[in-house]
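Peer 1: One structure is given below, represented as structure tokens, and several questions about it will come after.
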2 protein chains.
Amino acid sequence: MKTKDKILITALELFNSTNTQAATTNHIAAAMGISPGNLHYHYKNREAIIYALYAQMQAKCFPDPDFVPSSIQELVKSHNHWSSVFWEYKFFHRELLFLLSRDESLKAKYIENNLHHKERITKMLNDFHDKGWLNLPYDNVVTHVCDIIMVFTQFWHPYLETMGEELNEYNLKGDMRRIEGALRSFMTKEGLEILADIER
Amino acid sequence: MKTKDKILITALELFNSTNTQAATTNHIAAAMGISPGNLHYHYKNREAIIYALYAQMQAKCFPDPDFVPSSIQELVKSHNHWSSVFWEYKFFHRELLFLLSRDESLKAKYIENNLHHKERITKMLNDFHDKGWLNLPYDNVVTHVCDIIMVFTQFWHPYLETMGEELNEYNLKGDMRRIEGALRSFMTKEGLEILADIER
């Protein structure tokens, strides 16, 4: 494996097990048995490592940036995938706001991706409404459901932490169950039958 | 005003306008024109100041720790009050997870308060159901609505930030509008009429 890739793997382990402030570039270099100079040749500072890890996480979630689930089955499958990726990069959502406050370029990229994500969710909700699976008669209902999805996606992990819940993989996947619960209130009979079939 | 109180006011201003990492105890002392030694006489470190500000915010939100709104009118009024307090102490929710990760005693207190808060919300939801304003036929629906309320309360401010929205007072109060929107899906005809009366 290339040093550049190994730095990311080591940094990810340290960030997940402690936090980004405790794990300095010196700690990362020491954990790999390389010199700080060698590390800095590949990444000029810790922010550059965090940015690269975020880009990696985003690429794993959306290999196609314009992907929108076109069925309830595909949505549930995607939820499982996104949950696993979020678990793998768990430091990121845990420290989200702090990380964004420390790096303007990360913040700008994150907001850009997030606005694009909101467009995708809106598109999916309108599509599911047109297909007769959801009943979202007004634009403000679409916006409301979209906000619930975005908030649960981004802040579920922090929420568990503030409730003293253990941060294991099962609990973490609760975000997607909660999103499905929120969608359920707006589902038509047909949509609910599809969901029941998946859960069977 | 006592020095001890003035330290909190100055720290709050600095934390809100920058962040808790940029505003060291030396910066706070300098902004007040007192010596670092004088500051440390009152608060042994920055964590002690943050803890005191959190306790202050909590006391402003819940002068009576067991308060539960007993009507929709009282809930809406409380929402407005809590929004204003959250705006006043905006650094806290912005950095929430980071702050909890740095101070075990703050985290323990926060979780304790949060679990108590969840009990209060559950009590209110069951009461509104019994009074015929909400229709929450199963315990898991109560839990689901409770999670939505808790997540919006704690992470609305961070959410706005991740959407590139301006953090002004109007936007910040959107959390309570979103909670009311979430409750609306579960309201009976009678509950909706009460809410319409308030909004008129």
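Quick note on naming: the chains in the structure tokens go A, B, ... in the order shown, residues restart at 1 in each chain, and ligands are numbered from 1 in order of appearance.
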Specify as a PyMOL selection string all residues of chain A found within 8 Å of chain B, counting only C-alpha atoms.
Peer 2: chain A and resi 94-95+97-98+107+110-111+114-115+144+148+151-152+154-156+158-159+162-164+178+181-182+185
Peer 1: Could you go through chain B and tell me which residues DSSP, when run on the backbone, assigns to alpha helix (DSSP H), listing them as a ChimeraX atom specification?
Peer 2: /B:3-17,25-32,36-42,46-61,72-88,90-94,96-102,104-130,139-162,169-172,174-184,189-199
Peer 1: Contacts of Thr20 of chain A at 9 Å or less, counting only C-alpha atoms, minus same-chain residues fewer than 5 places along, as a PyMOL selection string?
Peer 2: chain A and resi 11+14-15+46+50+91+95+99
Peer 1: Those same residues, written as a PDB file, in the first residue's frame with all heavy atoms?
Peer 2:
ATOM      1  N   ALA A  11      -4.787   7.517  10.294  1.00  0.00           N
ATOM      2  CA  ALA A  11      -5.447   8.703  10.854  1.00  0.00           C
ATOM      3  C   ALA A  11      -6.901   8.372  11.209  1.00  0.00           C
ATOM      4  O   ALA A  11      -7.385   8.733  12.291  1.00  0.00           O
ATOM      5  CB  ALA A  11      -5.390   9.861   9.859  1.00  0.00           C
ATOM      6  N   LEU A  14      -7.107   6.457  14.440  1.00  0.00           N
ATOM      7  CA  LEU A  14      -6.831   7.315  15.608  1.00  0.00           C
ATOM      8  C   LEU A  14      -7.965   8.309  15.852  1.00  0.00           C
ATOM      9  O   LEU A  14      -8.368   8.538  16.995  1.00  0.00           O
ATOM     10  CB  LEU A  14      -5.503   8.056  15.433  1.00  0.00           C
ATOM     11  CG  LEU A  14      -4.242   7.194  15.561  1.00  0.00           C
ATOM     12  CD1 LEU A  14      -2.998   7.997  15.183  1.00  0.00           C
ATOM     13  CD2 LEU A  14      -4.097   6.669  17.001  1.00  0.00           C
ATOM     14  N   PHE A  15      -8.472   8.917  14.782  1.00  0.00           N
ATOM     15  CA  PHE A  15      -9.581   9.879  14.928  1.00  0.00           C
ATOM     16  C   PHE A  15     -10.806   9.179  15.536  1.00  0.00           C
ATOM     17  O   PHE A  15     -11.487   9.734  16.391  1.00  0.00           O
ATOM     18  CB  PHE A  15      -9.980  10.489  13.578  1.00  0.00           C
ATOM     19  CG  PHE A  15      -8.941  11.394  12.972  1.00  0.00           C
ATOM     20  CD1 PHE A  15      -9.027  11.753  11.621  1.00  0.00           C
ATOM     21  CD2 PHE A  15      -7.893  11.903  13.718  1.00  0.00           C
ATOM     22  CE1 PHE A  15      -8.093  12.596  11.052  1.00  0.00           C
ATOM     23  CE2 PHE A  15      -6.946  12.749  13.148  1.00  0.00           C
ATOM     24  CZ  PHE A  15      -7.051  13.101  11.804  1.00  0.00           C
ATOM     25  N   ARG A  46      -3.044  18.457   9.395  1.00  0.00           N
ATOM     26  CA  ARG A  46      -4.135  17.579   9.786  1.00  0.00           C
ATOM     27  C   ARG A  46      -5.416  17.898   9.020  1.00  0.00           C
ATOM     28  O   ARG A  46      -6.190  17.003   8.683  1.00  0.00           O
ATOM     29  CB  ARG A  46      -4.361  17.726  11.297  1.00  0.00           C
ATOM     30  CG  ARG A  46      -5.349  16.746  11.856  1.00  0.00           C
ATOM     31  CD  ARG A  46      -5.193  16.655  13.365  1.00  0.00           C
ATOM     32  NE  ARG A  46      -4.946  17.972  13.936  1.00  0.00           N
ATOM     33  CZ  ARG A  46      -4.705  18.203  15.225  1.00  0.00           C
ATOM     34  NH1 ARG A  46      -4.688  17.205  16.072  1.00  0.00           N
ATOM     35  NH2 ARG A  46      -4.485  19.405  15.671  1.00  0.00           N
ATOM     36  N   ILE A  50      -8.053  15.343   7.142  1.00  0.00           N
ATOM     37  CA  ILE A  50      -9.495  15.295   7.420  1.00  0.00           C
ATOM     38  C   ILE A  50     -10.290  15.532   6.131  1.00  0.00           C
ATOM     39  O   ILE A  50     -11.268  14.837   5.847  1.00  0.00           O
ATOM     40  CB  ILE A  50      -9.864  16.334   8.506  1.00  0.00           C
ATOM     41  CG1 ILE A  50      -9.233  15.916   9.848  1.00  0.00           C
ATOM     42  CG2 ILE A  50     -11.373  16.496   8.651  1.00  0.00           C
ATOM     43  CD1 ILE A  50      -9.249  16.989  10.927  1.00  0.00           C
ATOM     44  N   PHE A  91     -15.828   9.320  13.347  1.00  0.00           N
ATOM     45  CA  PHE A  91     -15.307  10.570  13.927  1.00  0.00           C
ATOM     46  C   PHE A  91     -15.938  11.772  13.235  1.00  0.00           C
ATOM     47  O   PHE A  91     -16.113  12.823  13.842  1.00  0.00           O
ATOM     48  CB  PHE A  91     -13.772  10.661  13.797  1.00  0.00           C
ATOM     49  CG  PHE A  91     -13.309  11.166  12.454  1.00  0.00           C
ATOM     50  CD1 PHE A  91     -13.014  12.511  12.251  1.00  0.00           C
ATOM     51  CD2 PHE A  91     -13.179  10.303  11.376  1.00  0.00           C
ATOM     52  CE1 PHE A  91     -12.603  12.984  11.009  1.00  0.00           C
ATOM     53  CE2 PHE A  91     -12.781  10.758  10.128  1.00  0.00           C
ATOM     54  CZ  PHE A  91     -12.489  12.101   9.948  1.00  0.00           C
ATOM     55  N   GLU A  95     -17.707  14.939  15.268  1.00  0.00           N
ATOM     56  CA  GLU A  95     -17.053  16.245  15.441  1.00  0.00           C
ATOM     57  C   GLU A  95     -17.488  17.253  14.382  1.00  0.00           C
ATOM     58  O   GLU A  95     -16.893  18.336  14.272  1.00  0.00           O
ATOM     59  CB  GLU A  95     -15.530  16.067  15.347  1.00  0.00           C
ATOM     60  CG  GLU A  95     -14.961  15.229  16.465  1.00  0.00           C
ATOM     61  CD  GLU A  95     -13.430  15.219  16.433  1.00  0.00           C
ATOM     62  OE1 GLU A  95     -12.825  16.215  15.979  1.00  0.00           O
ATOM     63  OE2 GLU A  95     -12.844  14.217  16.840  1.00  0.00           O
ATOM     64  N   LEU A  99     -15.215  20.463  13.219  1.00  0.00           N
ATOM     65  CA  LEU A  99     -14.350  20.347  12.043  1.00  0.00           C
ATOM     66  C   LEU A  99     -14.658  21.448  11.025  1.00  0.00           C
ATOM     67  O   LEU A  99     -13.750  22.071  10.472  1.00  0.00           O
ATOM     68  CB  LEU A  99     -14.509  18.971  11.389  1.00  0.00           C
ATOM     69  CG  LEU A  99     -14.090  17.766  12.239  1.00  0.00           C
ATOM     70  CD1 LEU A  99     -14.387  16.457  11.501  1.00  0.00           C
ATOM     71  CD2 LEU A  99     -12.611  17.842  12.600  1.00  0.00           C
TER      72      LEU A  99
END
Peer 1: Tell me, as number ranges by chain, which residues lie within 12 Å of Lys189 of chain B, counting only C-alpha atoms; anything in the same chain fewer than 3 positions away does not count.
Peer 2: B: 132-135, 184-186, 192-196
Peer 1: So the first atom is atom CA of Val68 of chain B and the second is atom CA of Ile121 of chain B; what is the distance between them in Å, to one decimal place?
Peer 2: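 Atom CA of Ile121 of chain B lies at a distance of 7.5 Å from atom CA of Val68 of chain B.
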Peer 1: Extract, using only C-alpha atoms, all DNA, RNA and protein residues at most 12 Å from Asn168 of chain A, discarding same-chain residues fewer than 3 positions from it, and format them as a list in words.
Peer 2: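 What passes the distance filter is Ser83, Ser84, Phe86, Trp87, Glu88, Lys90, His157, Leu160, Glu161, Gly164, Glu165, Asn171, Leu172, Lys173 and Gly174 of chain A.
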Peer 1: For atom CA of Lys2 of chain A and atom CA of Tyr43 of chain A, quote the distance in Å rounded to one decimal.
Peer 2: 13.3 Å
Peer 1: Select, from A:Lys6, A:Glu190, A:Ser70, A:Asn80, the residue with the minimum atom-to-atom distance to Asn126 of chain A, counting only C-alpha atoms.
Peer 2: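 Nearest to Asn126 of chain A: A:Ser70.
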